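Asker: Just one file: target.txt, with compact mmCIF, C-alpha atoms.
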# COMPACT_ATOMS: atom_id res chain seq x y z
CA MET A 1 15.37 -54.28 2.74
CA ALA A 2 12.60 -56.24 4.44
CA ARG A 3 12.45 -59.97 3.97
CA ARG A 4 9.55 -62.27 4.62
CA GLU A 5 9.82 -64.79 7.38
CA ASP A 6 7.43 -67.67 6.67
CA GLY A 7 8.65 -70.05 9.34
CA ALA A 8 7.04 -73.35 10.11
CA SER A 9 3.51 -74.20 9.15
CA GLY A 10 0.97 -72.50 11.39
CA ARG A 11 3.46 -69.95 12.68
CA PRO A 12 2.29 -66.30 12.64
CA PRO A 13 3.71 -64.27 9.74
CA GLY A 14 6.62 -61.92 10.36
CA VAL A 15 9.27 -59.81 8.68
CA ARG A 16 12.90 -58.89 9.30
CA VAL A 17 14.36 -55.50 8.39
CA ARG A 18 17.88 -54.13 8.82
CA PHE A 19 18.47 -50.55 9.95
CA SER A 20 21.37 -48.18 10.67
CA ALA A 21 20.05 -46.43 13.80
CA GLU A 22 20.69 -47.50 17.39
CA PRO A 23 18.44 -50.45 18.38
CA ALA A 24 17.17 -48.59 21.44
CA ASP A 25 16.04 -45.69 19.26
CA VAL A 26 14.02 -48.05 17.05
CA LEU A 27 12.23 -49.54 20.05
CA ALA A 28 11.65 -46.08 21.53
CA LEU A 29 9.46 -45.18 18.55
CA THR A 30 7.08 -48.01 19.51
CA SER A 31 7.03 -47.21 23.24
CA ASP A 32 3.51 -45.76 23.29
CA PRO A 33 0.67 -44.84 20.88
CA SER A 34 1.78 -41.21 20.58
CA ARG A 35 5.22 -42.33 19.40
CA TRP A 36 3.58 -44.62 16.80
CA ARG A 37 1.86 -41.62 15.25
CA GLU A 38 5.25 -39.96 14.69
CA TRP A 39 6.31 -42.52 12.10
CA ALA A 40 3.18 -44.33 10.96
CA GLY A 41 1.81 -41.13 9.44
CA PRO A 42 -1.55 -41.52 7.72
CA LEU A 43 -1.67 -45.31 8.15
CA PRO A 44 -4.71 -46.58 10.07
CA ILE A 45 -2.84 -47.37 13.29
CA ARG A 46 -5.53 -46.62 15.86
CA HIS A 47 -5.09 -49.28 18.58
CA ALA A 48 -2.71 -51.12 16.23
CA HIS A 49 -0.12 -51.39 18.97
CA ARG A 50 -2.56 -53.61 20.87
CA HIS A 51 -3.09 -56.07 18.02
CA LEU A 52 0.19 -56.18 16.10
CA GLY A 53 2.49 -57.05 18.94
CA ARG A 54 5.87 -55.41 19.55
CA PRO A 55 8.94 -55.80 17.35
CA THR A 56 12.22 -57.08 18.73
CA VAL A 57 15.63 -55.83 17.69
CA ARG A 58 19.20 -57.03 17.93
CA ALA A 59 22.42 -55.11 17.40
CA LEU A 60 24.70 -56.12 14.53
CA PRO A 61 28.48 -56.31 14.98
CA ASP A 62 29.15 -53.75 12.24
CA GLY A 63 26.67 -51.20 13.62
CA GLY A 64 22.94 -50.74 13.36
CA GLY A 65 20.70 -53.69 13.88
CA GLU A 66 17.98 -56.00 12.65
CA LEU A 67 14.32 -55.75 13.52
CA GLU A 68 12.03 -58.76 13.67
CA TRP A 69 8.31 -58.20 13.83
CA ARG A 70 5.89 -61.10 14.08
CA LEU A 71 2.13 -61.01 14.57
CA PRO A 72 0.88 -62.45 17.88
CA THR A 73 -1.46 -64.88 16.13
CA ARG A 74 -1.81 -66.32 12.66
CA PRO A 75 -4.69 -64.84 10.62
CA ALA A 76 -7.40 -67.21 9.46
CA GLY A 77 -7.11 -67.95 5.75
CA ALA A 78 -4.49 -67.46 3.06
CA LEU A 79 -5.83 -64.07 1.92
CA ALA A 80 -5.86 -62.66 5.47
CA ASP A 81 -2.34 -64.01 5.96
CA THR A 82 -1.11 -62.23 2.82
CA VAL A 83 -2.79 -58.96 3.74
CA ALA A 84 -1.43 -59.10 7.29
CA ARG A 85 2.07 -59.82 6.03
CA ALA A 86 1.94 -56.92 3.55
CA GLY A 87 0.71 -54.51 6.22
CA LEU A 88 3.37 -55.65 8.68
CA THR A 89 6.07 -55.19 6.05
CA LEU A 90 4.88 -51.65 5.36
CA LEU A 91 4.86 -50.79 9.06
CA ALA A 92 8.31 -52.27 9.62
CA ARG A 93 9.77 -50.33 6.71
CA ARG A 94 8.20 -47.10 7.91
CA LEU A 95 9.54 -47.66 11.40
CA VAL A 96 13.17 -48.27 10.43
CA THR A 97 13.08 -45.49 7.82
CA GLU A 98 12.00 -42.99 10.48
CA ALA A 99 14.61 -44.28 12.93
CA ASP A 100 17.34 -43.97 10.31
CA ARG A 101 16.16 -40.46 9.43
CA ARG A 102 16.73 -39.49 13.06
CA ILE A 103 20.26 -40.87 13.24
CA ALA A 104 21.49 -37.31 13.74
CA VAL A 105 19.99 -37.35 17.23
CA THR A 106 22.16 -40.22 18.42
CA ARG A 107 25.28 -40.27 16.28
CA ARG A 108 28.22 -37.92 16.19
CA PRO A 109 27.82 -34.92 13.87
CA SER A 110 28.01 -35.56 10.13
CA LEU A 111 30.88 -34.32 7.95
CA PRO A 112 28.86 -31.31 6.64
CA SER A 113 28.05 -30.34 10.22
CA ARG A 114 31.66 -30.63 11.32
CA LEU A 115 32.74 -28.46 8.40
CA GLN A 116 30.03 -25.95 9.29
CA ARG A 117 31.32 -25.87 12.84
CA VAL A 118 34.87 -25.23 11.71
CA GLY A 119 33.72 -22.35 9.49
CA LEU A 120 31.77 -20.79 12.35
CA GLN A 121 34.65 -21.17 14.75
CA LEU A 122 37.35 -19.84 12.42
CA VAL A 123 35.43 -17.13 10.55
CA VAL A 124 32.06 -16.10 11.96
CA ARG A 125 32.77 -16.12 15.69
CA PRO A 126 36.03 -14.09 15.42
CA ALA A 127 34.30 -11.61 13.10
CA LEU A 128 31.47 -11.13 15.59
CA ALA A 129 33.94 -10.79 18.44
CA VAL A 130 35.99 -7.98 16.83
CA ALA A 131 33.23 -6.12 14.99
CA PRO A 132 32.29 -2.84 16.69
CA PHE A 133 28.93 -3.07 18.43
CA ASP A 134 27.69 0.36 17.47
CA GLU A 135 25.10 1.73 15.09
CA ARG A 136 27.42 1.59 12.11
CA GLY A 137 28.65 -1.93 12.84
CA ILE A 138 25.15 -3.28 13.39
CA ARG A 139 23.87 -1.78 10.15
CA ALA A 140 26.81 -3.27 8.28
CA LEU A 141 26.04 -6.70 9.76
CA ARG A 142 22.40 -6.46 8.71
CA THR A 143 23.31 -5.37 5.18
CA VAL A 144 25.87 -8.14 4.66
CA ALA A 145 23.57 -10.85 6.03
CA ALA A 146 20.59 -9.76 3.92
CA ALA A 147 22.70 -9.40 0.76
CA ALA A 148 24.26 -12.84 1.22
CA SER A 149 20.82 -14.41 1.69
CA ARG A 150 19.38 -12.73 -1.39
CA ALA A 151 22.40 -13.81 -3.43
CA THR A 152 21.56 -17.44 -2.66
CA GLY A 153 18.01 -16.97 -3.95
CA ALA A 154 16.34 -17.06 -0.54
CA ARG A 155 13.42 -14.95 -1.78
CA ARG A 156 12.40 -17.37 -4.53
CA ARG A 157 8.84 -18.64 -4.13
CA THR A 158 8.01 -15.84 -1.69
CA ARG A 159 6.37 -12.46 -2.14
CA PRO A 160 6.25 -9.24 -0.14
CA ALA A 161 3.59 -9.21 2.57
CA HIS A 162 1.54 -6.42 1.01
CA ASP A 163 -1.01 -4.71 3.25
CA ALA A 164 0.44 -6.42 6.35
CA PRO A 165 0.93 -4.23 9.43
CA VAL A 166 4.57 -5.36 9.63
CA PRO A 167 6.65 -5.63 6.43
CA GLY A 168 8.02 -9.04 5.58
CA LEU A 169 7.68 -12.03 3.28
CA TRP A 170 4.64 -14.14 2.49
CA ILE A 171 4.89 -17.83 1.56
CA ASP A 172 1.74 -19.09 -0.14
CA GLY A 173 0.47 -22.48 0.98
CA PRO A 174 -2.38 -24.67 -0.21
CA SER A 175 -5.85 -23.16 -0.37
CA ASP A 176 -7.42 -22.93 3.09
CA ALA A 177 -4.05 -23.74 4.69
CA PRO A 178 -3.40 -22.84 8.33
CA GLY A 179 -0.89 -20.12 9.12
CA LEU A 180 2.75 -20.23 10.19
CA LEU A 181 4.19 -17.13 11.84
CA VAL A 182 8.01 -17.23 11.62
CA LEU A 183 9.87 -14.96 14.05
CA HIS A 184 13.50 -14.73 12.97
CA GLY A 185 16.51 -14.73 15.26
CA GLY A 186 19.47 -12.39 15.33
CA GLY A 187 19.84 -11.30 18.94
CA TYR A 188 17.05 -8.72 18.54
CA VAL A 189 19.54 -6.51 16.67
CA ALA A 190 19.92 -8.34 13.34
CA GLY A 191 18.24 -10.96 11.16
CA SER A 192 15.40 -10.44 8.71
CA SER A 193 12.88 -12.16 6.52
CA ASP A 194 15.69 -12.51 3.96
CA THR A 195 18.05 -14.37 6.28
CA HIS A 196 15.32 -16.78 7.39
CA ALA A 197 13.37 -17.20 4.16
CA THR A 198 14.97 -20.56 3.29
CA MET A 199 14.10 -22.07 6.67
CA ALA A 200 10.60 -20.58 6.58
CA LYS A 201 9.94 -21.99 3.11
CA ALA A 202 11.07 -25.45 4.18
CA LEU A 203 8.84 -25.48 7.25
CA SER A 204 5.88 -24.04 5.36
CA ARG A 205 6.20 -26.63 2.59
CA LEU A 206 6.70 -29.59 4.93
CA SER A 207 3.81 -28.60 7.21
CA GLY A 208 1.39 -27.51 4.47
CA THR A 209 0.95 -24.01 5.89
CA THR A 210 0.89 -20.41 4.68
CA GLY A 211 3.97 -18.64 6.05
CA TYR A 212 4.48 -15.05 7.12
CA VAL A 213 7.95 -13.80 8.15
CA PRO A 214 7.59 -10.29 9.60
CA ASP A 215 10.51 -7.86 9.77
CA TYR A 216 9.83 -6.75 13.31
CA ARG A 217 11.61 -3.65 14.59
CA LEU A 218 15.15 -4.19 15.85
CA ALA A 219 17.27 -2.80 18.67
CA PRO A 220 18.98 -0.59 19.57
CA GLU A 221 16.85 1.80 17.48
CA HIS A 222 13.69 0.13 18.81
CA ARG A 223 13.97 -1.39 22.26
CA TYR A 224 11.60 -3.69 24.12
CA PRO A 225 8.63 -3.99 23.68
CA ALA A 226 8.75 -2.84 20.02
CA ALA A 227 9.57 -6.32 18.69
CA LEU A 228 6.85 -7.89 20.83
CA ASP A 229 4.29 -5.32 19.67
CA ASP A 230 5.16 -6.08 16.04
CA ALA A 231 4.99 -9.83 16.65
CA GLU A 232 1.50 -9.46 18.10
CA ALA A 233 0.36 -7.30 15.17
CA ALA A 234 1.76 -9.86 12.72
CA PHE A 235 0.06 -12.74 14.54
CA ARG A 236 -3.33 -11.03 14.51
CA TYR A 237 -2.99 -10.19 10.83
CA LEU A 238 -2.13 -13.79 9.94
CA ALA A 239 -4.89 -15.15 12.19
CA GLY A 240 -7.38 -12.92 10.41
CA ARG A 241 -6.22 -14.29 7.05
CA VAL A 242 -6.39 -18.01 7.91
CA GLY A 243 -9.43 -18.27 10.17
CA GLY A 244 -8.47 -17.44 13.74
CA PRO A 245 -5.70 -17.79 16.34
CA GLY A 246 -6.23 -21.53 16.67
CA ARG A 247 -5.17 -21.98 13.04
CA VAL A 248 -1.77 -20.33 13.52
CA ALA A 249 1.43 -22.01 14.71
CA ILE A 250 4.42 -19.91 15.76
CA VAL A 251 8.03 -20.66 14.86
CA GLY A 252 11.03 -18.86 16.31
CA ASP A 253 14.78 -19.38 16.51
CA SER A 254 17.13 -17.92 19.13
CA ALA A 255 15.83 -14.40 19.90
CA GLY A 256 12.81 -15.23 17.73
CA GLY A 257 12.17 -18.25 19.96
CA GLY A 258 12.20 -16.10 23.05
CA LEU A 259 9.96 -13.61 21.27
CA ALA A 260 7.53 -16.43 20.39
CA LEU A 261 7.24 -17.41 24.06
CA ALA A 262 6.78 -13.79 25.13
CA LEU A 263 4.10 -13.44 22.44
CA LEU A 264 2.35 -16.56 23.72
CA ASP A 265 2.23 -15.07 27.22
CA ARG A 266 0.76 -11.83 25.90
CA LEU A 267 -1.82 -13.64 23.75
CA PHE A 268 -2.92 -15.74 26.70
CA GLY A 269 -3.40 -12.58 28.73
CA ARG A 270 -5.75 -11.31 26.03
CA GLY A 271 -7.72 -14.52 25.59
CA ASP A 272 -6.09 -15.97 22.46
CA ARG A 273 -4.46 -19.40 22.06
CA PRO A 274 -2.34 -20.30 19.02
CA ALA A 275 -2.22 -23.88 17.78
CA GLY A 276 1.33 -24.57 18.91
CA LEU A 277 4.96 -23.44 18.99
CA ALA A 278 8.03 -24.85 17.22
CA LEU A 279 11.26 -23.38 18.57
CA ILE A 280 14.91 -23.62 17.56
CA SER A 281 17.49 -22.84 20.25
CA PRO A 282 15.14 -20.34 21.95
CA TRP A 283 16.86 -17.64 23.99
CA VAL A 284 14.63 -18.05 27.01
CA ASP A 285 16.66 -16.36 29.74
CA LEU A 286 18.52 -13.15 28.93
CA ALA A 287 19.21 -12.62 32.62
CA ALA A 288 21.51 -15.66 32.72
CA LEU A 289 24.91 -14.49 31.53
CA PRO A 290 26.24 -16.73 28.74
CA ARG A 291 29.18 -18.87 29.78
CA ARG A 292 32.25 -19.45 27.68
CA ARG A 293 31.69 -23.14 28.19
CA ARG A 294 28.29 -24.64 28.85
CA ARG A 295 27.87 -26.91 31.84
CA GLY A 296 29.35 -30.31 31.02
CA GLY A 297 30.31 -29.52 27.43
CA THR A 298 32.25 -27.40 24.99
CA PHE A 299 31.60 -23.80 24.05
CA ASP A 300 29.26 -22.81 21.24
CA PRO A 301 31.48 -21.84 18.29
CA LEU A 302 28.93 -19.34 16.97
CA THR A 303 28.05 -16.94 19.79
CA PRO A 304 30.69 -15.02 21.78
CA PRO A 305 29.31 -14.34 25.30
CA ALA A 306 30.21 -10.64 25.09
CA VAL A 307 28.14 -10.26 21.91
CA ALA A 308 25.17 -11.96 23.57
CA VAL A 309 25.41 -9.52 26.48
CA ASP A 310 25.59 -6.54 24.12
CA CYS A 311 22.50 -7.75 22.26
CA ARG A 312 20.63 -8.28 25.51
CA ASP A 313 21.41 -4.80 26.78
CA ALA A 314 20.55 -3.20 23.43
CA TYR A 315 17.14 -4.87 23.45
CA ALA A 316 16.22 -4.50 27.11
CA GLY A 317 17.16 -0.85 27.51
CA GLN A 318 15.83 0.30 30.89
CA THR A 319 13.62 -2.77 31.39
CA PRO A 320 15.00 -5.34 33.87
CA VAL A 321 16.40 -8.29 31.94
CA ASP A 322 14.57 -10.77 34.20
CA ASP A 323 11.20 -9.34 33.13
CA PRO A 324 9.22 -12.31 31.66
CA GLY A 325 8.55 -10.27 28.52
CA ILE A 326 12.30 -10.28 27.86
CA SER A 327 13.24 -13.55 29.61
CA PRO A 328 10.17 -15.79 29.12
CA GLY A 329 12.01 -18.66 30.75
CA ARG A 330 11.32 -16.91 34.05
CA ARG A 331 7.61 -17.71 33.57
CA PRO A 332 7.26 -21.44 32.79
CA LEU A 333 4.34 -22.72 30.73
CA GLY A 334 1.37 -24.45 32.31
CA ALA A 335 -1.14 -27.13 31.38
CA ASP A 336 -3.21 -24.63 29.38
CA ALA A 337 -0.36 -23.87 26.98
CA PRO A 338 -0.46 -25.23 23.43
CA PRO A 339 1.97 -28.04 22.57
CA VAL A 340 5.58 -26.94 22.11
CA ALA A 341 8.44 -28.63 20.24
CA ILE A 342 12.02 -27.45 20.78
CA VAL A 343 15.26 -28.47 19.08
CA CYS A 344 18.68 -27.45 20.39
CA GLY A 345 22.30 -28.28 19.78
CA GLY A 346 24.22 -30.15 22.44
CA ASP A 347 26.90 -27.41 22.33
CA ASP A 348 24.34 -24.62 22.19
CA PHE A 349 24.90 -21.71 24.55
CA VAL A 350 21.19 -21.76 25.50
CA VAL A 351 20.77 -25.51 26.02
CA ASP A 352 21.10 -25.51 29.81
CA ASP A 353 18.59 -22.66 30.19
CA VAL A 354 16.21 -24.40 27.77
CA ARG A 355 16.40 -27.64 29.73
CA ALA A 356 15.62 -25.79 32.96
CA PHE A 357 12.66 -24.05 31.29
CA VAL A 358 11.33 -27.34 29.88
CA ASP A 359 11.66 -29.10 33.24
CA ALA A 360 9.79 -26.29 35.01
CA SER A 361 7.08 -26.19 32.33
CA THR A 362 6.44 -29.94 32.19
CA ALA A 363 6.29 -30.02 36.00
CA ARG A 364 3.34 -27.64 35.69
CA GLY A 365 1.61 -29.84 33.11
CA ALA A 366 2.79 -28.30 29.83
CA THR A 367 3.36 -30.52 26.80
CA VAL A 368 6.91 -29.86 25.58
CA ASP A 369 8.95 -32.12 23.29
CA LEU A 370 12.65 -31.19 23.62
CA ARG A 371 15.20 -32.81 21.32
CA VAL A 372 18.91 -32.13 21.71
CA TRP A 373 21.29 -32.98 18.87
CA PRO A 374 24.72 -33.96 20.29
CA GLY A 375 27.64 -31.86 19.10
CA MET A 376 25.46 -29.37 17.22
CA VAL A 377 25.60 -25.62 17.67
CA HIS A 378 23.20 -22.75 18.23
CA CYS A 379 20.39 -22.64 15.62
CA PHE A 380 21.92 -25.39 13.49
CA PRO A 381 18.70 -26.04 11.47
CA VAL A 382 18.62 -22.43 10.22
CA VAL A 383 21.65 -22.95 7.97
CA ALA A 384 20.81 -25.31 5.11
CA GLY A 385 23.06 -28.14 4.01
CA THR A 386 23.37 -30.51 6.97
CA PRO A 387 21.42 -33.75 7.49
CA GLU A 388 20.92 -32.84 11.15
CA GLY A 389 19.32 -29.55 10.16
CA ALA A 390 17.04 -31.24 7.63
CA SER A 391 16.03 -33.86 10.21
CA ALA A 392 15.28 -31.20 12.83
CA LEU A 393 13.14 -29.18 10.42
CA ALA A 394 11.21 -32.32 9.49
CA VAL A 395 10.53 -33.01 13.18
CA LEU A 396 9.33 -29.44 13.74
CA ALA A 397 7.16 -29.51 10.61
CA GLY A 398 5.52 -32.72 11.81
CA HIS A 399 4.81 -31.06 15.15
CA ILE A 400 3.31 -28.01 13.42
CA GLN A 401 1.07 -30.17 11.27
CA THR A 402 -0.14 -32.19 14.26
CA ALA A 403 -0.67 -29.07 16.38
CA VAL A 404 -2.82 -27.20 13.87
CA THR A 405 -4.87 -30.33 13.16
CA ALA A 406 -5.48 -30.93 16.87
CA SER A 407 -6.29 -27.27 17.43
CA ALA A 408 -8.86 -27.34 14.64
CA ALA A 409 -10.42 -30.44 16.21
CA ASP A 410 -10.57 -28.67 19.58
CA VAL A 411 -12.48 -25.80 18.00
CA ASP A 412 -15.04 -28.28 16.67
CA THR A 413 -15.56 -29.97 20.03
CA VAL A 414 -16.62 -28.65 23.41
CA GLY A 415 -14.46 -28.85 26.51
CA PRO A 416 -10.83 -28.17 27.41
CA ARG A 417 -8.02 -30.64 27.03
CA ASP A 418 -7.16 -32.85 29.95
CA PRO A 419 -4.03 -31.17 31.37
CA GLY A 420 -2.72 -34.54 32.57
CA GLU A 421 -3.05 -36.18 29.17
CA GLN A 422 0.56 -35.70 28.10
CA ARG A 423 3.86 -34.70 29.56
CA GLY A 424 7.05 -33.50 27.96
CA ARG A 425 9.87 -35.74 26.86
CA GLU A 426 13.40 -35.16 25.74
CA THR A 427 15.60 -36.93 23.24
CA THR A 428 19.06 -35.90 24.30
CA ASP A 429 22.73 -36.70 24.46
CA ARG A 430 22.68 -37.36 28.18
The structure given in the file should be rewritten as structure tokens.

Answerer:
Amino acid sequence: MARREDGASGRPPGVRVRFSAEPADVLALTSDPSRWREWAGPLPIRHAHRHLGRPTVRALPDGGGELEWRLPTRPAGALADTVARAGLTLLARRLVTEADRRIAVTRRPSLPSRLQRVGLQLVVRPALAVAPFDERGIRALRTVAAAASRATGARRRTRPAHDAPVPGLWIDGPSDAPGLLVLHGGGYVAGSSDTHATMAKALSRLSGTTGYVPDYRLAPEHRYPAALDDAEAAFRYLAGRVGGPGRVAIVGDSAGGGLALALLDRLFGRGDRPAGLALISPWVDLAALPRRRRRGGTFDPLTPPAVAVDCRDAYAGQTPVDDPGISPGRRPLGADAPPVAIVCGGDDFVVDDVRAFVDASTARGATVDLRVWPGMVHCFPVVAGTPEGASALAVLAGHIQTAVTASAADVDTVGPRDPGEQRGRETTDR
């Protein structure tokens, strides 16, 4: 609750608001104009940071803190004073609401996430570890996963992608909406539009896009580059439906994240540039053998290293696993790449490789926003029901919306972006 702070006569108006997040995280959202746009949304905040001053915060003994925001000068006249106070109150409330929504980035995992972790560790991981990795076992895994997803109603508010070159699901967005290509994970051997429909619907709805989830061909029946060929065909189909490559953002989780980066590299080679990428725990380096325990942390309770190796070998076939088409982390992004947002779990088996990829890419001028949720596991936003997952999807949807808007503006103007305009940043548990 915000309260007005009238103070002595002639003193500039101000407000005080309590929040639950860490005080440093509240101030971080006001650190520069680009951070303001993350929480101010459609409010007219152009150059506002220059005229409204900076809020101050103090920690409270029982956790959280209190924000005080006072204008640098007192407006002339009672009406201007009232308007300024109302606007400041709205900004302060938006700021602390956004900071509180991102608590999952800085606090220990919530109870639903801890329960999810226990279930993965006690049920899913052992099942993956003992299941036979052969044609029969893989088909059984696909069938069970798709059936379970359909039983939860994942296909509601979707329709088959009729006439598309790659079968899948279509998620209708607003008229004239940009496109969202969703490349599902599953180690290149499993996963489908059914298993990822819930996530795709959430991202499509939050970002105001038309979604397409293609069922690209899977290994070991179809090895590299079959999945990449299908991803390119799906991208071109969607781009043709929504008005061009610059009106399509690409989403991918795990293997789908690696596939999205490989697709970006191929599109660049053929003169096309999507609006942006939003990745969840992307598997960027299949040549790096998964460790039982990640560097400086605990093991991922979802993915047994031996299963990851089997998936890698099934997909790569005779192609070297360090080929950039299979391990896109071996070819960092440059300044000409579209903006990328990545979310990972702190206990994710790919997090160290992702950090190395982000560091190499930002050093070359790429714009990459990496956010690492402490204590969370591989692809935690894909499974619904945790506040951390919901927060991560909201962050990615905001990135998608911003990317397609900026890409559309670039099409309307002449001249490339300044490659030194932005650099990557990371919100992490370090």

Asker: As an exercise, work out the distance from atom CA of A:Thr195 to atom CA of A:Pro126 in Å and give it to one decimal place.

Answerer: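 Straight-line distance from atom CA of A:Thr195 to atom CA of A:Pro126 works out to 20.2 Å.
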
Asker: Could you state the separation of atom CA of A:Gly398 and atom CA of A:Val248 in Å, given to one decimal place?

Answerer: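 Distance reported for this atom pair: 14.5 Å.
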
Asker: Between atom CA of A:Ser327 and atom CA of A:Ala227, what distance in Å does the model show, to one decimal?

Answerer: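 About the pair atom CA of A:Ser327 and atom CA of A:Ala227: they are 13.6 Å apart.
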
Asker: Compile the contact shell of A:Arg223 as number ranges by chain: residues with an atom at most 8 Å away, counting all atoms listed in the file, same-chain residues fewer than 6 positions apart removed.

Answerer: A: 314-317

Asker: Set the distance at 12 Å and use only C-alpha atoms: which residues neighbour A:Arg150 once local chain neighbours fewer than 4 positions away are removed? I'd like the list as a compact mmCIF listing (two decimals) with C-alpha atoms, in the frame of the given file.

Answerer:
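Written output follows (result.txt):
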# COMPACT_ATOMS: atom_id res chain seq x y z
CA THR A 143 23.31 -5.37 5.18
CA VAL A 144 25.87 -8.14 4.66
CA ALA A 145 23.57 -10.85 6.03
CA ALA A 146 20.59 -9.76 3.92
CA ALA A 154 16.34 -17.06 -0.54
CA ARG A 155 13.42 -14.95 -1.78
CA ARG A 156 12.40 -17.37 -4.53
CA THR A 158 8.01 -15.84 -1.69
CA SER A 192 15.40 -10.44 8.71
CA SER A 193 12.88 -12.16 6.52
CA ASP A 194 15.69 -12.51 3.96
CA THR A 195 18.05 -14.37 6.28
CA HIS A 196 15.32 -16.78 7.39
CA ALA A 197 13.37 -17.20 4.16
CA THR A 198 14.97 -20.56 3.29

Asker: Between A:Arg236, A:Arg70, A:Arg159, A:His378, single out the one closest to A:Phe349, counting only C-alpha atoms.

Answerer: A:His378

Asker: Could you pull out every residue with an atom within 6 Å of (12.4, -23.1, 34.3), file coordinates, counting all atoms listed in the file, and send them as a list in words?

Answerer: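 Every residue inside that radius is included here: Gly329, Pro332, Ala356, Phe357 and Ala360 of chain A.
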
Asker: Give me the stretch 311-351 of chain A side of the contact with stretch 258-274 of chain A, cut-off 10 Å, one line per residue showing its nearest atom pair and distance in Å at one decimal, counting all atoms listed in the file, sorted by chain and residue number, as a tab-separated table.

Answerer:
residue	atom	partner	partner_atom	distance
A:Pro324	CA	A:Ala262	CA	7.1
A:Gly325	CA	A:Ala262	CA	5.2
A:Ile326	CA	A:Ala262	CA	7.1
A:Ser327	CA	A:Gly258	CA	7.1
A:Pro328	CA	A:Ala262	CA	5.6
A:Gly329	CA	A:Gly258	CA	8.1
A:Arg331	CA	A:Asp265	CA	8.7
A:Pro332	CA	A:Leu261	CA	9.6
A:Leu333	CA	A:Asp265	CA	8.7
A:Asp336	CA	A:Arg273	CA	9.1
A:Ala337	CA	A:Arg273	CA	7.8
A:Pro338	CA	A:Pro274	CA	6.9
A:Pro339	CA	A:Pro274	CA	9.5
A:Val340	CA	A:Leu261	CA	9.9

Asker: Using all atoms of stretch 224-243 of chain A listed in the file and a margin of 4 Å per side, can you give the axis-aligned box centre and edge lengths in Å to one decimal, as JSON?

Answerer:
{"center_x": 1.1, "center_y": -10.6, "center_z": 15.6, "size_x": 29.0, "size_y": 23.4, "size_z": 25.1}

Asker: Which of these, A:Leu67, A:Val307, A:Val358, A:Ile171, has the shortest distance to A:Val284 once you count all atoms listed in the file?

Answerer: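 For A:Val284, the nearest of the given residues is A:Val358.
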
Asker: From the set A:Thr89, A:Ser207, A:Thr367, A:Ser281, which residue has the shortest atom-to-atom contact distance to A:His399, counting only C-alpha atoms?

Answerer: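 Of A:Thr89, A:Ser207, A:Thr367, A:Ser281, the one nearest A:His399 is A:Ser207, counting only C-alpha atoms.
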
Asker: With all atoms listed in the file as the counted atoms, please give the residues lying no more than 10 Å from A:Gly186, apart from itself and same-chain residues fewer than 4 positions off, as a list in words.

Answerer: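 Answer for this query is Arg142, Ala190, Gly191, Ser192, Thr195, His196, Leu218, Asp253, Ser254, Ala255, Gly256 and Cys311 of chain A.
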
Asker: Restricting the calculation to all atoms listed in the file, which member of A:Ala80, A:Arg18, A:Arg94, A:Lys201 is positioned closest to A:Ala384?

Answerer: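 With all atoms listed in the file as the atom set, the closest residue is A:Lys201.
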
Asker: Which residue gives the smallest distance to A:Gly276 among A:Ala148, A:Ala335, A:Leu27, A:Ala341, with all atoms listed in the file counted?

Answerer: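 The answer is A:Ala341, which sits nearest to A:Gly276.
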
Asker: List the neighbours of A:Pro304 out to 8 Å using all atoms listed in the file; skip same-chain residues closer than 2 positions along the sequence, and give me the result as a list in words.

Answerer: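 Within the cut-off, the hits are Arg125, Leu128, Ala129, Arg292, Asp300, Pro301, Leu302, Ala306, Val307 and Ala308 of chain A.
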
Asker: Can you spit out the residues from that selection as a PDB file, in the coordinates of the input, using C-alpha atoms?

Answerer:
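The file below, selection18.pdb, is the result:
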ATOM      1  CA  ARG A 125      32.770 -16.120  15.690  1.00  0.00           C
ATOM      2  CA  LEU A 128      31.470 -11.130  15.590  1.00  0.00           C
ATOM      3  CA  ALA A 129      33.940 -10.790  18.440  1.00  0.00           C
ATOM      4  CA  ARG A 292      32.250 -19.450  27.680  1.00  0.00           C
ATOM      5  CA  ASP A 300      29.260 -22.810  21.240  1.00  0.00           C
ATOM      6  CA  PRO A 301      31.480 -21.840  18.290  1.00  0.00           C
ATOM      7  CA  LEU A 302      28.930 -19.340  16.970  1.00  0.00           C
ATOM      8  CA  ALA A 306      30.210 -10.640  25.090  1.00  0.00           C
ATOM      9  CA  VAL A 307      28.140 -10.260  21.910  1.00  0.00           C
ATOM     10  CA  ALA A 308      25.170 -11.960  23.570  1.00  0.00           C
TER      11      ALA A 308
END

Asker: What would stretch 206-218 of chain A look like if you wrote it out as a CSV table (one decimal), in the first residue's frame, with C-alpha atoms included, from the block I just posted?

Answerer:
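After the write, selection.csv holds the following:
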chain,number,residue,atom,x,y,z
A,206,LEU,CA,1.1,-12.9,-22.8
A,207,SER,CA,3.0,-11.6,-25.9
A,208,GLY,CA,0.0,-11.1,-28.1
A,209,THR,CA,1.3,-13.4,-30.9
A,210,THR,CA,0.1,-16.2,-33.2
A,211,GLY,CA,1.8,-19.4,-32.1
A,212,TYR,CA,2.9,-22.4,-34.2
A,213,VAL,CA,4.4,-25.5,-32.5
A,214,PRO,CA,5.8,-27.8,-35.2
A,215,ASP,CA,6.3,-31.5,-34.6
A,216,TYR,CA,9.7,-31.6,-36.1
A,217,ARG,CA,11.2,-35.0,-36.9
A,218,LEU,CA,12.9,-36.8,-34.0
